[in-house]
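Text of my_file.cif, listed as mmCIF, C-alpha atoms:
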```cif
data_coords
#
loop_
_atom_site.group_PDB
_atom_site.id
_atom_site.type_symbol
_atom_site.label_atom_id
_atom_site.label_comp_id
_atom_site.auth_asym_id
_atom_site.auth_seq_id
_atom_site.Cartn_x
_atom_site.Cartn_y
_atom_site.Cartn_z
ATOM 1 C CA MET A 1 0.000 0.000 0.000
ATOM 2 C CA THR A 2 1.408 3.361 -1.055
ATOM 3 C CA ALA A 3 0.014 6.814 -0.219
ATOM 4 C CA TYR A 4 0.371 9.974 -2.304
ATOM 5 C CA GLU A 5 -0.586 13.536 -1.448
ATOM 6 C CA HIS A 6 -2.185 13.932 -4.868
ATOM 7 C CA TYR A 7 -3.166 11.542 -7.627
ATOM 8 C CA ALA A 8 -0.984 13.491 -10.077
ATOM 9 C CA ASP A 9 2.032 12.258 -8.098
ATOM 10 C CA VAL A 10 1.346 8.609 -8.937
ATOM 11 C CA PRO A 11 4.029 7.320 -11.376
ATOM 12 C CA MET A 12 2.143 6.054 -14.393
ATOM 13 C CA ALA A 13 4.938 3.660 -15.281
ATOM 14 C CA GLY A 14 3.838 1.435 -12.403
ATOM 15 C CA TRP A 15 0.085 1.892 -12.876
ATOM 16 C CA ARG A 16 -1.191 -1.425 -14.279
ATOM 17 C CA TRP A 17 -4.966 -1.047 -13.915
ATOM 18 C CA SER A 18 -5.912 -0.119 -17.452
ATOM 19 C CA SER A 19 -9.634 0.443 -16.867
ATOM 20 C CA PHE A 20 -9.093 3.042 -14.148
ATOM 21 C CA SER A 21 -7.075 6.199 -13.672
ATOM 22 C CA PRO A 22 -5.473 7.438 -10.424
ATOM 23 C CA ARG A 23 -7.990 10.288 -10.464
ATOM 24 C CA GLU A 24 -10.921 7.822 -10.327
ATOM 25 C CA ILE A 25 -9.397 6.068 -7.321
ATOM 26 C CA ALA A 26 -8.340 9.229 -5.454
ATOM 27 C CA CYS A 27 -10.261 10.986 -2.699
ATOM 28 C CA LYS A 28 -13.012 13.162 -4.179
ATOM 29 C CA GLY A 29 -12.521 15.852 -1.564
ATOM 30 C CA THR A 30 -8.731 16.184 -1.270
ATOM 31 C CA GLY A 31 -7.169 14.471 -4.287
ATOM 32 C CA LYS A 32 -5.099 12.236 -2.000
ATOM 33 C CA ILE A 33 -4.758 8.596 -2.948
ATOM 34 C CA VAL A 34 -3.801 5.293 -1.369
ATOM 35 C CA VAL A 35 -2.797 2.631 -3.858
ATOM 36 C CA ASN A 36 -3.692 -0.785 -2.496
ATOM 37 C CA GLU A 37 -2.528 -3.178 -5.178
ATOM 38 C CA ASP A 38 -4.570 -6.167 -4.015
ATOM 39 C CA ALA A 39 -7.782 -4.127 -3.966
ATOM 40 C CA LEU A 40 -7.093 -2.596 -7.357
ATOM 41 C CA ASP A 41 -6.245 -6.014 -8.821
ATOM 42 C CA LYS A 42 -9.636 -7.303 -7.718
ATOM 43 C CA LEU A 43 -11.375 -4.201 -9.028
ATOM 44 C CA GLN A 44 -9.742 -4.684 -12.438
ATOM 45 C CA ALA A 45 -10.616 -8.403 -12.386
ATOM 46 C CA LEU A 46 -14.239 -7.477 -11.671
ATOM 47 C CA ARG A 47 -14.229 -5.030 -14.574
ATOM 48 C CA ASP A 48 -12.746 -7.670 -16.892
ATOM 49 C CA ARG A 49 -15.276 -10.280 -15.797
ATOM 50 C CA LEU A 50 -18.312 -8.033 -16.293
ATOM 51 C CA ARG A 51 -16.994 -6.504 -19.536
ATOM 52 C CA LYS A 52 -18.748 -3.260 -18.683
ATOM 53 C CA PRO A 53 -17.422 0.027 -17.272
ATOM 54 C CA LEU A 54 -17.497 0.443 -13.495
ATOM 55 C CA ILE A 55 -18.697 3.919 -12.546
ATOM 56 C CA LEU A 56 -17.074 4.696 -9.197
ATOM 57 C CA THR A 57 -18.753 7.237 -6.941
ATOM 58 C CA SER A 58 -16.237 6.715 -4.138
ATOM 59 C CA ALA A 59 -12.951 4.838 -3.780
ATOM 60 C CA TYR A 60 -10.242 6.091 -1.434
ATOM 61 C CA ARG A 61 -11.326 8.668 1.141
ATOM 62 C CA SER A 62 -8.970 10.695 3.297
ATOM 63 C CA PRO A 63 -9.964 10.711 6.990
ATOM 64 C CA GLU A 64 -11.005 14.366 6.782
ATOM 65 C CA HIS A 65 -13.155 13.793 3.712
ATOM 66 C CA ASN A 66 -14.650 10.680 5.247
ATOM 67 C CA ARG A 67 -15.766 12.755 8.252
ATOM 68 C CA ALA A 68 -17.130 15.466 5.964
ATOM 69 C CA VAL A 69 -19.384 13.038 4.085
ATOM 70 C CA GLY A 70 -20.527 11.246 7.246
ATOM 71 C CA GLY A 71 -18.680 7.994 6.541
ATOM 72 C CA ALA A 72 -18.284 5.285 9.175
ATOM 73 C CA LYS A 73 -15.432 5.865 11.617
ATOM 74 C CA ASN A 74 -13.749 2.636 10.545
ATOM 75 C CA SER A 75 -14.689 2.938 6.858
ATOM 76 C CA LYS A 76 -12.705 0.688 4.554
ATOM 77 C CA HIS A 77 -12.585 3.568 2.098
ATOM 78 C CA MET A 78 -9.839 5.116 4.261
ATOM 79 C CA GLU A 79 -7.741 1.995 3.696
ATOM 80 C CA GLY A 80 -8.138 2.111 -0.059
ATOM 81 C CA ILE A 81 -9.883 -1.270 -0.166
ATOM 82 C CA ALA A 82 -13.502 -0.171 -0.710
ATOM 83 C CA PHE A 83 -15.374 1.012 -3.778
ATOM 84 C CA ASP A 84 -18.871 2.332 -4.375
ATOM 85 C CA VAL A 85 -20.100 1.383 -7.853
ATOM 86 C CA ARG A 86 -23.147 2.694 -9.705
ATOM 87 C CA MET A 87 -25.620 0.055 -10.879
ATOM 88 C CA ASP A 88 -26.937 2.056 -13.834
ATOM 89 C CA ASN A 89 -25.326 -0.267 -16.371
ATOM 90 C CA HIS A 90 -25.286 -3.473 -14.309
ATOM 91 C CA ASP A 91 -27.671 -6.098 -13.051
ATOM 92 C CA PRO A 92 -27.072 -5.866 -9.263
ATOM 93 C CA HIS A 93 -27.309 -9.630 -8.796
ATOM 94 C CA GLU A 94 -24.861 -10.396 -11.577
ATOM 95 C CA PHE A 95 -22.569 -7.693 -10.247
ATOM 96 C CA GLU A 96 -22.614 -9.098 -6.728
ATOM 97 C CA ALA A 97 -21.991 -12.654 -7.929
ATOM 98 C CA ALA A 98 -19.015 -11.516 -10.011
ATOM 99 C CA ALA A 99 -17.646 -9.403 -7.146
ATOM 100 C CA ARG A 100 -17.755 -12.390 -4.803
ATOM 101 C CA GLU A 101 -16.030 -14.571 -7.392
ATOM 102 C CA VAL A 102 -13.060 -12.193 -7.668
ATOM 103 C CA GLY A 103 -12.664 -11.966 -3.896
ATOM 104 C CA PHE A 104 -14.699 -9.061 -2.471
ATOM 105 C CA LEU A 105 -16.151 -9.865 0.934
ATOM 106 C CA GLY A 106 -18.042 -6.816 2.215
ATOM 107 C CA PHE A 107 -21.245 -5.703 0.503
ATOM 108 C CA GLY A 108 -23.415 -2.679 1.174
ATOM 109 C CA TYR A 109 -26.712 -2.359 -0.713
ATOM 110 C CA TYR A 110 -28.056 1.091 -1.574
ATOM 111 C CA PRO A 111 -30.844 0.541 -4.132
ATOM 112 C CA ARG A 112 -32.464 3.924 -3.478
ATOM 113 C CA SER A 113 -29.199 5.680 -4.267
ATOM 114 C CA GLY A 114 -28.423 3.298 -7.129
ATOM 115 C CA PHE A 115 -25.026 1.964 -6.050
ATOM 116 C CA MET A 116 -23.400 -0.993 -4.305
ATOM 117 C CA HIS A 117 -20.465 -0.909 -1.913
ATOM 118 C CA VAL A 118 -17.796 -3.636 -2.131
ATOM 119 C CA ASP A 119 -14.672 -4.005 -0.013
ATOM 120 C CA LEU A 120 -11.980 -6.408 1.190
ATOM 121 C CA GLY A 121 -12.910 -6.181 4.855
ATOM 122 C CA PRO A 122 -14.414 -9.069 6.808
ATOM 123 C CA ALA A 123 -17.291 -10.940 5.190
ATOM 124 C CA ARG A 124 -20.474 -9.037 5.988
ATOM 125 C CA SER A 125 -23.343 -7.163 4.345
ATOM 126 C CA TRP A 126 -25.811 -4.425 5.193
ATOM 127 C CA GLY A 127 -28.727 -2.609 3.643
ATOM 128 C CA GLN A 128 -31.648 -3.946 1.638
ATOM 129 C CA PRO A 129 -30.569 -6.071 -1.348
ATOM 130 C CA TRP A 130 -32.075 -5.399 -4.738
ATOM 131 C CA PRO A 131 -35.297 -7.396 -5.234
ATOM 132 C CA LEU A 132 -35.301 -10.265 -7.643
ATOM 133 C CA THR A 133 -37.325 -9.296 -10.698
ATOM 134 C CA ALA A 134 -39.005 -12.053 -12.703
ATOM 135 C CA THR A 135 -39.920 -11.526 -16.343
ATOM 136 C CA ALA A 136 -43.574 -12.391 -16.973
ATOM 137 C CA TRP A 137 -43.336 -14.105 -20.341
ATOM 138 C CA PRO A 138 -46.708 -14.580 -22.064
ATOM 139 C CA THR A 139 -47.862 -18.176 -22.032
ATOM 140 C CA GLU A 140 -49.477 -19.862 -24.992
ATOM 141 C CA PRO A 141 -52.951 -21.241 -24.181
ATOM 142 C CA PRO A 142 -53.067 -25.050 -24.111
ATOM 143 C CA ARG A 143 -54.171 -26.618 -27.359
ATOM 144 C CA GLN A 144 -56.848 -29.313 -27.319
ATOM 145 C CA PRO A 145 -55.946 -32.390 -29.365
ATOM 146 C CA GLU A 146 -58.220 -33.045 -32.316
ATOM 147 C CA THR A 147 -60.653 -35.851 -31.542
ATOM 148 C CA LEU A 148 -61.830 -38.560 -33.919
ATOM 149 C CA ARG A 149 -65.342 -37.114 -33.740
ATOM 150 C CA GLU A 150 -64.118 -33.680 -34.835
ATOM 151 C CA ASP A 151 -62.193 -35.280 -37.680
ATOM 152 C CA ARG A 152 -65.306 -37.111 -38.903
ATOM 153 C CA GLN A 153 -67.325 -33.903 -38.692
ATOM 154 C CA ALA A 154 -64.761 -32.125 -40.842
ATOM 155 C CA GLN A 155 -64.876 -34.940 -43.396
ATOM 156 C CA ALA A 156 -68.682 -34.780 -43.477
ATOM 157 C CA VAL A 157 -68.625 -31.026 -44.115
ATOM 158 C CA ALA A 158 -66.110 -31.457 -46.939
ATOM 159 C CA GLY A 159 -68.175 -34.256 -48.458
ATOM 160 C CA ALA A 160 -71.313 -32.156 -48.372
ATOM 161 C CA SER A 161 -69.504 -29.345 -50.150
ATOM 162 C CA VAL A 162 -68.323 -31.669 -52.907
ATOM 163 C CA MET A 163 -71.806 -33.131 -53.382
ATOM 164 C CA GLY A 164 -73.236 -29.624 -53.577
ATOM 165 C CA GLY A 165 -70.780 -28.785 -56.336
ATOM 166 C CA VAL A 166 -71.790 -31.896 -58.285
ATOM 167 C CA ALA A 167 -75.460 -30.951 -57.976
ATOM 168 C CA VAL A 168 -74.771 -27.473 -59.291
ATOM 169 C CA ALA A 169 -72.872 -28.894 -62.245
ATOM 170 C CA ALA A 170 -75.649 -31.359 -63.046
ATOM 171 C CA GLU A 171 -78.197 -28.520 -63.049
ATOM 172 C CA TYR A 172 -76.365 -26.568 -65.724
ATOM 173 C CA LEU A 173 -75.052 -29.439 -67.872
ATOM 174 C CA PRO A 174 -78.160 -29.704 -70.171
ATOM 175 C CA ALA A 175 -77.985 -26.022 -71.056
ATOM 176 C CA ALA A 176 -74.273 -26.274 -71.599
ATOM 177 C CA SER A 177 -74.759 -29.303 -73.899
ATOM 178 C CA GLY A 178 -77.152 -27.288 -76.069
ATOM 179 C CA LEU A 179 -74.632 -24.525 -76.498
ATOM 180 C CA LEU A 180 -71.817 -26.948 -77.296
ATOM 181 C CA GLY A 181 -73.869 -28.431 -80.133
ATOM 182 C CA ASN A 182 -73.642 -25.147 -82.014
ATOM 183 C CA LEU A 183 -69.818 -25.141 -81.914
ATOM 184 C CA ALA A 184 -67.251 -26.775 -84.185
ATOM 185 C CA PRO A 185 -65.708 -30.053 -82.893
ATOM 186 C CA THR A 186 -62.409 -28.398 -81.964
ATOM 187 C CA ALA A 187 -64.192 -25.583 -80.152
ATOM 188 C CA GLN A 188 -66.324 -28.153 -78.319
ATOM 189 C CA LEU A 189 -63.184 -29.924 -77.022
ATOM 190 C CA ILE A 190 -61.730 -26.638 -75.794
ATOM 191 C CA ALA A 191 -64.991 -25.674 -74.086
ATOM 192 C CA VAL A 192 -65.312 -29.073 -72.396
ATOM 193 C CA ALA A 193 -61.711 -28.873 -71.099
ATOM 194 C CA ALA A 194 -62.257 -25.355 -69.757
ATOM 195 C CA GLY A 195 -65.481 -26.405 -68.092
ATOM 196 C CA ALA A 196 -63.799 -29.400 -66.463
ATOM 197 C CA ILE A 197 -61.018 -27.213 -65.074
ATOM 198 C CA PHE A 198 -63.525 -24.678 -63.746
ATOM 199 C CA LEU A 199 -65.649 -27.402 -62.130
ATOM 200 C CA ALA A 200 -62.599 -28.945 -60.476
ATOM 201 C CA TYR A 201 -61.642 -25.542 -59.051
ATOM 202 C CA VAL A 202 -65.162 -24.959 -57.667
ATOM 203 C CA LEU A 203 -65.222 -28.375 -56.021
ATOM 204 C CA TYR A 204 -61.764 -27.791 -54.526
ATOM 205 C CA LYS A 205 -62.751 -24.433 -53.025
ATOM 206 C CA ARG A 206 -65.929 -25.853 -51.536
ATOM 207 C CA SER A 207 -64.053 -28.726 -49.929
ATOM 208 C CA LEU A 208 -61.751 -26.398 -47.936
#
```
Any chance you could put this one into structure tokens?
Amino acid sequence: MTAYEHYADVPMAGWRWSSFSPREIACKGTGKIVVNEDALDKLQALRDRLRKPLILTSAYRSPEHNRAVGGAKNSKHMEGIAFDVRMDNHDPHEFEAAAREVGFLGFGYYPRSGFMHVDLGPARSWGQPWPLTATAWPTEPPRQPETLREDRQAQAVAGASVMGGVAVAAEYLPAASGLLGNLAPTAQLIAVAAGAIFLAYVLYKRSL
């Protein structure tokens, strides 16, 4: 652990936490910074695991700034091993699970303020955790299997439609025969073929 009077004094040659700058880790009130390598390693590992930016609202706090903001007297922020992270771009439950996996032990829940506190102090937690939210996916209504009776009813309806089409054709066939007699043989063949196609189409449509 190394302390600096201002984050600008931190030698960048030894700064290995690529997702964060000394300014992000420094005290918001005084600019002082404590570089705790173990804590910063875990913070970077958390960032790498989540693959999303971590928006820090508080990292290191100088004792005077900690008093000014009403922090706990033994706040882990003063040791440089605590971080407050906004949940705007994170699922709080996924965030917490990932933070535990990389080694954070202390968890403070602040859903009304929209952030979570993580630290390397003793294993403990406080505050009201974020509620679990379930997605209400629409459910498809159950389908009734087709019964044999329904199948027979459908066949009966189709049969009735076909028979109706035959009756209609029979009604108009005599008149059609009279007209065909006035045509040449070739024209009669064409007319008969066209009539057969039309009748087949009518019967098909009625059977649907």
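The spacing separating atom CA of A:Ile55 from atom CA of A:Ser113 amounts to 13.5 Å.
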request  = Compile the contact shell of A:Lys42 as an MDAnalysis selection string: residues with an atom at most 6 Å away, counting all atoms listed in the file, same-chain residues fewer than 3 positions apart removed.
outcome  = chainID A and resid 39 45 102
task = Report as number ranges by chain the full result of the PyMOL selection byres ((chain A and resi 48) around 12) when it is applied to this structure.
result = A: 17-20, 41-47, 49-54, 95, 98-99, 102
task = Determine the residue set returned by the PyMOL selection byres ((chain A and resi 112) around 12) for the present structure, and present it as a count of residues only.
result = 15
task = Apply the PyMOL selection byres ((chain A and resi 61-75) around 9) to the file shown and report the selected residues as a PyMOL selection string.
result = chain A and resi 26-34+58-60+76-80+82
